[in-house]
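> Structure file data25.txt (compact mmCIF, C-alpha atoms) is given on the next line.
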```txt
# COMPACT_ATOMS: atom_id res chain seq x y z
CA MET A 1 -18.07 107.01 46.35
CA ALA A 2 -19.10 103.57 45.28
CA THR A 3 -17.76 102.35 41.96
CA GLU A 4 -19.40 99.94 39.54
CA PRO A 5 -17.71 96.61 39.18
CA ARG A 6 -15.69 96.10 35.94
CA HIS A 7 -16.57 93.17 33.68
CA GLU A 8 -13.56 91.09 32.68
CA ALA A 9 -13.29 89.71 29.12
CA ALA A 10 -14.54 86.15 28.79
CA PHE A 11 -11.28 85.05 27.13
CA PRO A 12 -8.41 87.45 27.64
CA LEU A 13 -5.89 87.54 24.82
CA SER A 14 -3.25 86.51 27.23
CA SER A 15 -5.09 83.38 28.23
CA PRO A 16 -4.06 79.92 26.91
CA ILE A 17 -7.47 79.36 25.29
CA ALA A 18 -7.13 82.44 23.08
CA ALA A 19 -3.68 81.34 21.98
CA VAL A 20 -5.05 77.97 20.88
CA ILE A 21 -7.89 79.58 18.91
CA LEU A 22 -5.48 81.90 17.07
CA LEU A 23 -3.21 78.98 16.22
CA VAL A 24 -6.09 76.97 14.72
CA LEU A 25 -7.33 79.92 12.63
CA SER A 26 -3.87 80.74 11.28
CA THR A 27 -3.28 77.10 10.29
CA ALA A 28 -6.61 76.89 8.46
CA CYS A 29 -5.84 80.08 6.50
CA ALA A 30 -2.40 78.80 5.58
CA LEU A 31 -3.89 75.57 4.21
CA TRP A 32 -6.85 77.16 2.44
CA LEU A 33 -5.20 80.06 0.63
CA PRO A 34 -2.75 77.99 -1.56
CA ALA A 35 -5.56 75.64 -2.56
CA ALA A 36 -7.89 78.45 -3.45
CA GLY A 37 -5.21 80.38 -5.32
CA PRO A 38 -5.16 78.28 -8.59
CA ALA A 39 -8.95 78.09 -8.70
CA ALA A 40 -9.23 81.82 -8.26
CA ALA A 41 -6.56 82.38 -10.91
CA ALA A 42 -8.34 80.04 -13.36
CA THR A 43 -11.61 81.82 -12.74
CA ALA A 44 -9.95 85.16 -13.39
CA ALA A 45 -8.30 83.82 -16.58
CA ALA A 46 -11.56 82.43 -18.04
CA PRO A 47 -13.38 84.90 -20.29
CA ALA A 48 -16.25 86.45 -18.45
CA GLY A 49 -19.66 85.54 -19.83
CA ARG A 50 -18.46 82.95 -22.39
CA ALA A 51 -20.58 79.79 -22.39
CA ALA A 52 -19.27 76.34 -23.25
CA PRO A 53 -19.70 75.37 -26.93
CA VAL A 54 -22.83 73.44 -27.89
CA ARG A 55 -22.16 69.80 -28.76
CA CYS A 56 -24.16 67.70 -31.21
CA GLU A 57 -23.65 64.02 -31.95
CA LEU A 58 -23.22 63.16 -35.65
CA SER A 59 -23.26 59.86 -37.53
CA ALA A 60 -23.72 58.70 -41.13
CA TYR A 61 -24.81 55.82 -43.36
CA VAL A 62 -23.41 55.43 -46.89
CA SER A 63 -26.13 53.91 -49.07
CA ASP A 64 -24.34 54.06 -52.44
CA LEU A 65 -20.92 54.73 -53.94
CA TYR A 66 -20.52 55.11 -57.71
CA ASP A 67 -18.85 56.98 -60.60
CA ILE A 68 -15.37 56.49 -59.16
CA ASP A 69 -13.07 58.26 -61.61
CA PRO A 70 -9.44 58.85 -60.53
CA ALA A 71 -8.65 60.40 -63.93
CA LYS A 72 -11.10 63.24 -63.25
CA GLY A 73 -10.43 63.34 -59.49
CA ARG A 74 -14.05 62.60 -58.59
CA PHE A 75 -16.33 60.08 -56.93
CA SER A 76 -20.06 60.17 -56.24
CA ALA A 77 -21.93 59.01 -53.15
CA ARG A 78 -25.38 58.93 -51.62
CA LEU A 79 -25.47 59.04 -47.84
CA TRP A 80 -27.67 59.72 -44.83
CA ILE A 81 -26.46 62.10 -42.11
CA TRP A 82 -28.10 62.66 -38.76
CA THR A 83 -27.41 64.77 -35.69
CA ILE A 84 -28.69 64.62 -32.11
CA CYS A 85 -28.69 68.04 -30.42
CA PRO A 86 -29.91 69.40 -27.06
CA ASP A 87 -32.45 71.66 -28.82
CA ARG A 88 -33.59 72.60 -32.32
CA ARG A 89 -31.72 75.90 -32.35
CA ALA A 90 -28.40 74.01 -32.08
CA ASP A 91 -29.17 71.75 -35.08
CA PRO A 92 -26.28 72.28 -37.58
CA LEU A 93 -27.68 70.33 -40.56
CA PRO A 94 -29.62 73.23 -42.17
CA LYS A 95 -26.38 75.26 -42.36
CA ILE A 96 -23.71 72.57 -42.60
CA SER A 97 -21.28 72.80 -45.54
CA PHE A 98 -19.42 70.16 -47.56
CA ALA A 99 -15.83 71.19 -48.15
CA ASN A 100 -15.21 68.98 -51.20
CA ALA A 101 -18.70 68.50 -52.71
CA ASP A 102 -19.45 69.84 -56.19
CA ASP A 103 -23.18 70.56 -55.94
CA PRO A 104 -24.74 68.59 -53.08
CA GLY A 105 -28.44 67.84 -53.22
CA THR A 106 -30.15 67.39 -49.86
CA SER A 107 -33.57 66.09 -48.91
CA GLU A 108 -36.04 67.80 -46.60
CA PRO A 109 -34.97 67.38 -42.96
CA ASN A 110 -36.74 64.78 -40.86
CA ILE A 111 -36.86 66.24 -37.33
CA ILE A 112 -37.87 64.09 -34.37
CA GLU A 113 -37.99 65.21 -30.74
CA GLN A 114 -37.19 62.38 -28.34
CA ASP A 115 -35.87 61.99 -24.79
CA GLY A 116 -35.30 65.72 -24.40
CA HIS A 117 -33.14 65.90 -27.58
CA VAL A 118 -33.74 66.76 -31.23
CA LEU A 119 -32.90 64.22 -33.96
CA ASP A 120 -32.46 65.59 -37.49
CA GLN A 121 -32.00 63.28 -40.49
CA VAL A 122 -31.13 64.32 -44.05
CA ARG A 123 -30.11 62.54 -47.25
CA VAL A 124 -27.19 63.94 -49.27
CA GLN A 125 -26.20 63.06 -52.83
CA SER A 126 -23.27 64.63 -54.66
CA SER A 127 -20.01 64.14 -56.48
CA PHE A 128 -16.93 64.86 -54.39
CA ARG A 129 -13.48 66.12 -55.36
CA GLN A 130 -10.67 63.83 -54.33
CA ALA A 131 -6.90 63.64 -54.82
CA TRP A 132 -5.88 60.23 -56.20
CA ASP A 133 -2.44 58.61 -56.16
CA VAL A 134 -2.43 55.88 -58.84
CA ARG A 135 1.32 55.39 -59.05
CA ASP A 136 0.92 51.79 -57.84
CA PHE A 137 -1.86 50.95 -60.32
CA PRO A 138 -3.44 48.39 -60.25
CA PHE A 139 -2.27 47.66 -56.69
CA ASP A 140 -3.16 51.14 -55.46
CA HIS A 141 -5.19 51.74 -52.30
CA HIS A 142 -7.18 54.91 -51.75
CA ARG A 143 -8.85 56.72 -48.86
CA ILE A 144 -11.67 58.90 -50.13
CA GLU A 145 -13.54 61.42 -47.98
CA ALA A 146 -16.68 63.49 -47.76
CA ILE A 147 -15.80 66.44 -45.51
CA LEU A 148 -18.47 68.19 -43.40
CA THR A 149 -17.79 71.58 -41.79
CA ALA A 150 -19.74 73.00 -38.84
CA PRO A 151 -21.63 76.27 -39.35
CA ASP A 152 -20.12 77.95 -36.24
CA ASP A 153 -16.57 78.16 -34.93
CA THR A 154 -15.27 75.89 -32.19
CA ASP A 155 -15.92 78.52 -29.50
CA HIS A 156 -19.65 78.05 -30.13
CA PHE A 157 -20.14 74.57 -31.64
CA ARG A 158 -18.43 71.16 -31.62
CA PHE A 159 -19.23 67.78 -33.21
CA THR A 160 -19.15 64.46 -31.37
CA VAL A 161 -18.85 61.59 -33.88
CA ASN A 162 -20.65 58.30 -33.28
CA ASN A 163 -18.78 55.52 -35.08
CA ALA A 164 -20.77 52.81 -33.32
CA ASP A 165 -23.87 53.77 -35.33
CA ALA A 166 -22.05 54.67 -38.60
CA GLN A 167 -22.36 52.03 -41.33
CA THR A 168 -22.20 51.40 -45.08
CA ASN A 169 -24.65 49.53 -47.27
CA PRO A 170 -23.30 45.94 -47.53
CA GLU A 171 -24.58 45.80 -51.11
CA ILE A 172 -22.26 48.57 -52.31
CA ARG A 173 -20.32 47.19 -55.30
CA PRO A 174 -18.50 50.00 -57.15
CA GLN A 175 -17.45 48.79 -60.57
CA GLY A 176 -13.82 47.66 -60.44
CA TRP A 177 -13.45 48.52 -56.74
CA ARG A 178 -13.82 46.95 -53.31
CA LEU A 179 -14.78 48.87 -50.15
CA THR A 180 -12.36 47.79 -47.39
CA GLY A 181 -12.87 50.32 -44.59
CA PHE A 182 -15.19 53.02 -43.24
CA ARG A 183 -15.18 55.37 -40.26
CA LEU A 184 -15.91 58.94 -39.18
CA VAL A 185 -13.02 61.11 -38.03
CA SER A 186 -13.30 64.38 -36.12
CA ALA A 187 -10.91 67.20 -37.11
CA THR A 188 -10.58 70.97 -37.05
CA LYS A 189 -9.89 73.45 -39.82
CA HIS A 190 -8.21 76.78 -39.05
CA TYR A 191 -8.71 79.82 -41.25
CA THR A 192 -6.55 82.92 -40.97
CA THR A 193 -9.57 85.12 -41.63
CA THR A 194 -12.13 85.96 -38.95
CA TYR A 195 -14.98 86.27 -41.50
CA GLY A 196 -15.76 89.69 -40.03
CA ASP A 197 -16.07 88.53 -36.42
CA HIS A 198 -14.04 91.18 -34.58
CA SER A 199 -14.16 89.20 -31.33
CA LEU A 200 -11.68 86.76 -32.90
CA LYS A 201 -8.05 87.84 -32.90
CA ASN A 202 -6.13 85.01 -34.56
CA GLY A 203 -8.44 83.77 -37.27
CA SER A 204 -11.21 81.23 -36.81
CA THR A 205 -11.34 77.47 -36.29
CA TYR A 206 -14.22 75.22 -37.33
CA ASP A 207 -15.04 71.63 -36.42
CA GLN A 208 -15.09 69.10 -39.25
CA VAL A 209 -16.13 65.48 -39.70
CA HIS A 210 -14.40 63.37 -42.36
CA ILE A 211 -16.50 60.48 -43.67
CA ARG A 212 -13.70 58.17 -44.77
CA MET A 213 -13.95 55.16 -47.07
CA ASP A 214 -11.03 52.89 -48.00
CA LEU A 215 -10.94 51.43 -51.52
CA GLU A 216 -8.84 48.93 -53.43
CA ARG A 217 -9.15 47.62 -56.97
CA SER A 218 -10.98 44.33 -57.41
CA ASP A 219 -10.19 43.50 -61.05
CA PRO A 220 -6.52 43.13 -62.15
CA THR A 221 -7.46 42.27 -65.75
CA ILE A 222 -6.47 45.70 -67.05
CA PHE A 223 -2.95 45.15 -65.69
CA TRP A 224 -2.44 42.09 -67.88
CA LYS A 225 -3.90 43.86 -70.89
CA LEU A 226 -1.32 46.62 -70.52
CA THR A 227 1.70 44.41 -69.78
CA ILE A 228 1.26 41.39 -72.10
CA PRO A 229 2.58 43.37 -75.13
CA LEU A 230 5.74 44.11 -73.11
CA SER A 231 6.30 40.43 -72.36
CA LEU A 232 5.79 39.46 -75.99
CA ALA A 233 8.25 42.11 -77.19
CA VAL A 234 10.90 40.86 -74.76
CA LEU A 235 10.39 37.18 -75.61
CA ILE A 236 10.61 37.85 -79.36
CA ALA A 237 13.76 39.91 -78.83
CA VAL A 238 15.38 37.13 -76.77
CA SER A 239 14.46 34.49 -79.36
CA THR A 240 16.38 36.38 -82.08
CA PHE A 241 19.56 35.98 -80.01
CA LEU A 242 19.04 32.27 -79.50
CA VAL A 243 18.89 31.36 -83.21
CA SER A 244 22.16 29.52 -83.90
CA THR A 245 23.92 29.55 -87.31
CA ARG A 246 27.38 28.36 -86.30
CA HIS A 247 26.66 24.78 -87.49
CA GLU A 248 25.57 26.00 -90.91
CA GLU A 249 27.82 26.78 -93.82
CA LEU A 250 26.92 30.43 -94.34
CA GLU A 251 28.94 33.18 -95.86
CA THR A 252 29.76 36.30 -93.91
CA THR A 253 27.28 38.27 -96.01
CA ALA A 254 24.46 35.93 -95.01
CA ARG A 255 25.42 36.15 -91.34
CA LEU A 256 25.44 39.94 -91.49
CA GLU A 257 22.02 39.87 -93.12
CA GLY A 258 20.74 37.82 -90.19
CA ILE A 259 22.02 40.45 -87.78
CA HIS A 260 20.30 43.15 -89.83
CA ASN A 261 17.03 41.19 -89.58
CA ARG A 262 17.49 41.04 -85.82
CA LEU A 263 17.78 44.83 -85.75
CA GLY A 264 14.50 45.04 -87.65
CA VAL A 265 12.74 42.82 -85.09
CA LEU A 266 14.13 44.86 -82.20
CA GLY A 267 13.05 48.10 -83.86
CA GLY A 268 9.53 46.73 -84.23
CA GLY A 269 9.55 45.80 -80.52
CA LEU A 270 10.56 49.33 -79.57
CA PHE A 271 7.71 50.73 -81.64
CA VAL A 272 5.19 48.40 -79.97
CA VAL A 273 6.39 49.35 -76.46
CA VAL A 274 6.23 53.10 -77.17
CA LEU A 275 2.74 52.79 -78.67
CA ASN A 276 1.54 50.69 -75.74
CA MET A 277 3.00 53.22 -73.31
CA GLN A 278 0.92 55.98 -74.86
CA GLN A 279 -2.24 53.91 -74.59
CA ALA A 280 -1.44 53.05 -70.96
CA SER A 281 -1.07 56.78 -70.15
CA ASP A 282 -4.65 57.30 -71.33
CA VAL A 283 -5.85 54.56 -68.96
CA VAL A 284 -3.67 55.39 -65.95
CA THR A 285 -3.69 59.15 -65.46
CA SER A 286 -1.35 60.44 -62.77
CA ALA A 287 0.23 63.81 -62.07
CA ASP A 288 2.37 62.49 -59.22
CA GLY A 289 5.31 61.10 -61.17
CA LEU A 290 5.95 57.72 -62.76
CA THR A 291 3.40 54.97 -62.23
CA LEU A 292 4.13 51.26 -61.97
CA ILE A 293 3.04 50.84 -65.58
CA ASP A 294 5.42 53.62 -66.65
CA ARG A 295 8.32 51.92 -64.85
CA LEU A 296 7.57 48.58 -66.49
CA HIS A 297 7.51 50.22 -69.93
CA LEU A 298 10.77 52.07 -69.28
CA THR A 299 12.41 48.85 -68.07
CA THR A 300 11.30 47.11 -71.27
CA LEU A 301 12.61 49.96 -73.40
CA ALA A 302 15.96 49.77 -71.59
CA PHE A 303 16.12 46.00 -72.24
CA LEU A 304 15.42 46.44 -75.96
CA LEU A 305 17.94 49.26 -76.29
CA VAL A 306 20.62 47.08 -74.68
CA ALA A 307 19.66 44.33 -77.12
CA VAL A 308 20.08 46.76 -80.01
CA ALA A 309 23.50 47.80 -78.69
CA GLY A 310 24.53 44.13 -78.41
CA THR A 311 23.38 43.45 -81.95
CA VAL A 312 25.37 46.40 -83.32
CA LEU A 313 28.51 45.21 -81.50
CA ALA A 314 28.03 41.70 -82.87
CA TRP A 315 27.64 43.10 -86.37
CA ARG A 316 30.84 45.15 -86.09
CA TRP A 317 32.73 42.15 -84.68
CA THR A 318 31.60 39.86 -87.51
CA SER A 319 32.09 42.41 -90.29
CA HIS A 320 35.71 42.96 -89.19
CA GLY A 321 36.56 39.28 -89.37
CA GLY A 322 35.75 38.28 -85.81
CA SER A 323 34.78 34.76 -84.86
CA THR A 324 31.13 34.02 -85.60
CA THR A 325 31.12 31.20 -83.08
CA LEU A 326 32.36 33.48 -80.30
CA ALA A 327 29.84 36.18 -81.26
CA GLU A 328 26.94 33.74 -81.09
CA ARG A 329 28.10 32.26 -77.79
CA ILE A 330 28.27 35.73 -76.22
CA SER A 331 24.85 36.60 -77.72
CA HIS A 332 23.26 33.46 -76.22
CA ARG A 333 24.64 34.08 -72.75
CA GLY A 334 23.83 37.77 -72.91
CA ALA A 335 20.23 37.01 -73.93
CA TRP A 336 19.69 34.63 -71.00
CA CYS A 337 21.36 36.98 -68.51
CA GLY A 338 19.39 39.93 -69.83
CA LEU A 339 16.10 38.02 -69.59
CA ALA A 340 16.85 37.01 -65.98
CA ALA A 341 17.71 40.60 -65.05
CA TYR A 342 14.54 41.90 -66.75
CA VAL A 343 12.30 39.42 -64.93
CA ALA A 344 13.96 40.22 -61.59
CA ALA A 345 13.60 43.99 -62.10
CA CYS A 346 9.95 43.80 -63.15
CA GLY A 347 9.15 41.37 -60.35
CA ALA A 348 10.71 43.70 -57.79
CA LEU A 349 8.71 46.67 -59.11
CA VAL A 350 5.43 44.75 -58.97
CA LEU A 351 6.16 43.31 -55.52
CA LEU A 352 7.06 46.73 -54.13
CA ALA A 353 3.83 48.25 -55.47
CA ALA A 354 1.69 45.37 -54.18
CA CYS A 355 3.15 45.48 -50.66
CA ARG A 356 3.18 49.26 -50.22
```
Let me see the structure of the file written as structure tokens.

Amino acid sequence: MATEPRHEAAFPLSSPIAAVILLVLSTACALWLPAAGPAAAATAAAPAGRAAPVRCELSAYVSDLYDIDPAKGRFSARLWIWTICPDRRADPLPKISFANADDPGTSEPNIIEQDGHVLDQVRVQSSFRQAWDVRDFPFDHHRIEAILTAPDDTDHFRFTVNNADAQTNPEIRPQGWRLTGFRLVSATKHYTTTYGDHSLKNGSTYDQVHIRMDLERSDPTIFWKLTIPLSLAVLIAVSTFLVSTRHEELETTARLEGIHNRLGVLGGGLFVVVLNMQQASDVVTSADGLTLIDRLHLTTLAFLLVAVAGTVLAWRWTSHGGSTTLAERISHRGAWCGLAAYVAACGALVLLAACR
């Protein structure tokens, strides 16, 4: 019986060509799988169906700055804010909030569609709450802020600040102040509450923009008004120690009367310093400890109290038969040394506050 011829395989597995093909395929798999592994793992780790947050560019222009009142913890400003978003639905300005504004008044939005984006402009005017540190008055520097918070959490919305277009009105002249710096700063604010959004597990985080302005005082006149009484009290106190009676023929009773008069002058100086300190506290209001003005007053009080103690010791020395000449010599040297120490201490306090 005739048999049909058998067809051999084109490339038998035992042939050299098949071995080469298997080697190439195994090498390609070995190189591809490690590279694909991290990408596959990252894809698996990313939440399914979650889109990237919408981003809008934000910038600002400060047109006016006024009613700066550190005593009340307030300042007022008028500013323009604008955003550039991919579409009108992403525009945050209608729902944006001001974290530290009292009662912001906003104008009607001015919406312009251009170059495939939506520009929204709005004017805001309000007073803003601000923490003030006036311990270095009148050499204090302050950074005040208007804080804007996005309407949606960072999973859905983010700000992109544009400092290149942010400016201040060059004609801004707040009374008693000088504007020294301005910029926009992006930040985030985390809240432990989810505001009812059950998809959030660890609270919620919102994007913020801080409109920062740096201020320093421009008029030091008030400093001299508050400190000149201190200088006069010290100079008058020193002058009472420099009056010499050792070349005059005075009885002990007369010399003791002169010391009593010195005590009266020093007591008047203490009264003036205490009264001036109370008036200064009405001008410089601070809840953060002692201010520079407080330290200068306390230094002056310490000087006058030491002068009182020296006068009492001189009186006791003279009344018990001590040498009047020696008492006056010690009083003169003590007055000059005390004045030098007072000037050095006050100068150091002022220099430290000015350079801080």
> Record the distance separating atom CA of A:Ala348 and atom CA of A:Arg135, expressed in Å with one decimal.
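Interatomic distance here is 15.0 Å.
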> Nearest to A:Trp132: which of A:Ile144, A:Leu349, A:Arg356, A:Ala314 is it, counting only C-alpha atoms?
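Among the listed residues, A:Ile144 lies closest to A:Trp132.
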> Between atom CA of A:Thr285 and atom CA of A:Val134, what is the distance in Å, rounded to a tenth?
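Interatomic distance here is 7.5 Å.
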> What gap, in Å, lies between atom CA of A:Tyr191 and atom CA of A:Asp207?
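About the pair atom CA of A:Tyr191 and atom CA of A:Asp207: they are 11.4 Å apart.
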> Scan for residues within 12 Å of the point (-27.1, 71.2, -43.7) in the coordinates of the file, using all atoms listed in the file, and reply as a ChimeraX atom specification.
/A:80-83,91-98,104-110,120-124,148-151
> Per residue of stretch 157-244 of chain A within 8 Å of stretch 272-278 of chain A, which atom pair is closest and at what distance in Å (one decimal), using all atoms listed in the file, listed by chain and increasing number, as JSON lines?

```
{"residue": "A:Leu226", "atom": "CA", "partner": "A:Asn276", "partner_atom": "CA", "distance": 7.2}
{"residue": "A:Pro229", "atom": "CA", "partner": "A:Val273", "partner_atom": "CA", "distance": 7.2}
{"residue": "A:Leu230", "atom": "CA", "partner": "A:Val273", "partner_atom": "CA", "distance": 6.3}
{"residue": "A:Ala233", "atom": "CA", "partner": "A:Val273", "partner_atom": "CA", "distance": 7.5}
```
> Taking (-5.2, 48.9, -64.4) in the file's own coordinates, collect the residues within 10 Å, counting all atoms listed in the file, and hand them back as a list in words.
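In the file's frame, the residues around the point are Val134, Asp136, Phe137, Pro138, Phe139, Asp140, Gly176, Arg217, Asp219, Pro220, Thr221, Ile222, Phe223, Trp224, Lys225, Leu226, Thr227, Ala280, Val283, Val284, Leu292 and Ile293 of chain A.
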> Given 3 Å on each side, where is the centre and what are the edge lengths in Å to one decimal of the axis-aligned box enclosing the listed atoms of stretch 307-319 of chain A, as JSON?

```
{"center_x": 26.2, "center_y": 43.8, "center_z": -83.7, "size_x": 19.1, "size_y": 13.9, "size_z": 19.2}
```
> Find the spatial neighbours of stretch 339-347 of chain A, counting all atoms listed in the file, within a cut-off of 9 Å - ignore same-chain residues fewer than 6 positions away - and output them as number ranges by chain.
A: 234-235, 238, 295-296, 299-300, 303
> Out of A:Leu79, A:Leu215, A:Cys337, A:Asp67, which residue has the shortest atom-to-atom distance to A:Thr168 when counting only C-alpha atoms?
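Once distances to A:Thr168 are computed over only C-alpha atoms, the minimum belongs to A:Leu79.
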> Show which residues sit within 6 Å of stretch 73-75 of chain A, as a PDB file with C-alpha atoms, in the coordinates of the input. Count all atoms listed in the file, and ignore same-chain residues fewer than 4 positions away.

```pdb
ATOM      1  CA  ASP A  67     -18.850  56.980 -60.600  1.00  0.00           C
ATOM      2  CA  ILE A  68     -15.370  56.490 -59.160  1.00  0.00           C
ATOM      3  CA  ASP A  69     -13.070  58.260 -61.610  1.00  0.00           C
ATOM      4  CA  SER A 127     -20.010  64.140 -56.480  1.00  0.00           C
ATOM      5  CA  PHE A 128     -16.930  64.860 -54.390  1.00  0.00           C
ATOM      6  CA  ARG A 129     -13.480  66.120 -55.360  1.00  0.00           C
ATOM      7  CA  GLN A 130     -10.670  63.830 -54.330  1.00  0.00           C
ATOM      8  CA  ALA A 131      -6.900  63.640 -54.820  1.00  0.00           C
TER       9      ALA A 131
END
```
> Using all atoms listed in the file for the distances, tell me which of A:Pro174, A:His210, A:His260, A:Ser231 is nearest to A:Thr318.
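Between A:Pro174, A:His210, A:His260, A:Ser231, the residue approaching A:Thr318 most closely is A:His260.
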> Please determine, counting all atoms listed in the file, which residue among A:Asp153, A:Pro170, A:Ala335, A:Leu305 has the shortest atom-to-atom distance to A:Phe271.
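Looking only at the distances to A:Phe271, the closest residue turns out to be A:Leu305.
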> Kindly indicate which residue among A:Val185, A:Cys355, A:Leu266, A:Val54 lies nearest to A:Thr240, using only C-alpha atoms for the distances.
A:Leu266
> Rebuild stretch 274-281 of chain A to all heavy atoms - output it as a PDB file, in the coordinates of the input, please.

```pdb
ATOM      1  N   VAL A 274       6.540  51.670 -77.227  1.00  0.00           N
ATOM      2  CA  VAL A 274       6.230  53.100 -77.170  1.00  0.00           C
ATOM      3  C   VAL A 274       4.742  53.335 -77.405  1.00  0.00           C
ATOM      4  O   VAL A 274       4.096  54.132 -76.699  1.00  0.00           O
ATOM      5  CB  VAL A 274       7.074  53.875 -78.191  1.00  0.00           C
ATOM      6  CG1 VAL A 274       6.611  55.326 -78.285  1.00  0.00           C
ATOM      7  CG2 VAL A 274       8.549  53.828 -77.814  1.00  0.00           C
ATOM      8  N   LEU A 275       4.163  52.638 -78.392  1.00  0.00           N
ATOM      9  CA  LEU A 275       2.740  52.790 -78.670  1.00  0.00           C
ATOM     10  C   LEU A 275       1.893  52.317 -77.491  1.00  0.00           C
ATOM     11  O   LEU A 275       0.911  52.968 -77.109  1.00  0.00           O
ATOM     12  CB  LEU A 275       2.375  52.012 -79.933  1.00  0.00           C
ATOM     13  CG  LEU A 275       0.912  52.101 -80.406  1.00  0.00           C
ATOM     14  CD1 LEU A 275       0.567  53.540 -80.755  1.00  0.00           C
ATOM     15  CD2 LEU A 275       0.675  51.187 -81.608  1.00  0.00           C
ATOM     16  N   ASN A 276       2.291  51.200 -76.892  1.00  0.00           N
ATOM     17  CA  ASN A 276       1.540  50.690 -75.740  1.00  0.00           C
ATOM     18  C   ASN A 276       1.654  51.625 -74.539  1.00  0.00           C
ATOM     19  O   ASN A 276       0.715  51.767 -73.750  1.00  0.00           O
ATOM     20  CB  ASN A 276       2.060  49.298 -75.376  1.00  0.00           C
ATOM     21  CG  ASN A 276       1.152  48.573 -74.407  1.00  0.00           C
ATOM     22  OD1 ASN A 276       0.067  48.121 -74.775  1.00  0.00           O
ATOM     23  ND2 ASN A 276       1.589  48.458 -73.161  1.00  0.00           N
ATOM     24  N   MET A 277       2.805  52.277 -74.412  1.00  0.00           N
ATOM     25  CA  MET A 277       3.000  53.220 -73.310  1.00  0.00           C
ATOM     26  C   MET A 277       2.055  54.414 -73.441  1.00  0.00           C
ATOM     27  O   MET A 277       1.510  54.905 -72.438  1.00  0.00           O
ATOM     28  CB  MET A 277       4.446  53.682 -73.280  1.00  0.00           C
ATOM     29  CG  MET A 277       4.830  54.483 -72.052  1.00  0.00           C
ATOM     30  SD  MET A 277       6.601  54.840 -72.018  1.00  0.00           S
ATOM     31  CE  MET A 277       6.743  55.659 -70.437  1.00  0.00           C
ATOM     32  N   GLN A 278       1.842  54.875 -74.653  1.00  0.00           N
ATOM     33  CA  GLN A 278       0.920  55.980 -74.860  1.00  0.00           C
ATOM     34  C   GLN A 278      -0.515  55.582 -74.530  1.00  0.00           C
ATOM     35  O   GLN A 278      -1.262  56.353 -73.912  1.00  0.00           O
ATOM     36  CB  GLN A 278       1.010  56.469 -76.307  1.00  0.00           C
ATOM     37  CG  GLN A 278       2.342  57.114 -76.656  1.00  0.00           C
ATOM     38  CD  GLN A 278       2.430  57.530 -78.107  1.00  0.00           C
ATOM     39  OE1 GLN A 278       1.599  57.139 -78.928  1.00  0.00           O
ATOM     40  NE2 GLN A 278       3.444  58.317 -78.440  1.00  0.00           N
ATOM     41  N   GLN A 279      -0.895  54.377 -74.917  1.00  0.00           N
ATOM     42  CA  GLN A 279      -2.240  53.910 -74.590  1.00  0.00           C
ATOM     43  C   GLN A 279      -2.411  53.723 -73.079  1.00  0.00           C
ATOM     44  O   GLN A 279      -3.471  54.017 -72.527  1.00  0.00           O
ATOM     45  CB  GLN A 279      -2.512  52.587 -75.322  1.00  0.00           C
ATOM     46  CG  GLN A 279      -2.567  52.730 -76.834  1.00  0.00           C
ATOM     47  CD  GLN A 279      -2.765  51.407 -77.542  1.00  0.00           C
ATOM     48  OE1 GLN A 279      -2.640  50.335 -76.940  1.00  0.00           O
ATOM     49  NE2 GLN A 279      -3.084  51.458 -78.828  1.00  0.00           N
ATOM     50  N   ALA A 280      -1.365  53.232 -72.407  1.00  0.00           N
ATOM     51  CA  ALA A 280      -1.440  53.050 -70.960  1.00  0.00           C
ATOM     52  C   ALA A 280      -1.583  54.395 -70.249  1.00  0.00           C
ATOM     53  O   ALA A 280      -2.262  54.501 -69.222  1.00  0.00           O
ATOM     54  CB  ALA A 280      -0.205  52.316 -70.459  1.00  0.00           C
ATOM     55  N   SER A 281      -0.963  55.453 -70.774  1.00  0.00           N
ATOM     56  CA  SER A 281      -1.070  56.780 -70.150  1.00  0.00           C
ATOM     57  C   SER A 281      -2.493  57.302 -70.216  1.00  0.00           C
ATOM     58  O   SER A 281      -2.919  58.070 -69.347  1.00  0.00           O
ATOM     59  CB  SER A 281      -0.114  57.756 -70.846  1.00  0.00           C
ATOM     60  OG  SER A 281       1.229  57.343 -70.687  1.00  0.00           O
TER      61      SER A 281
END
```
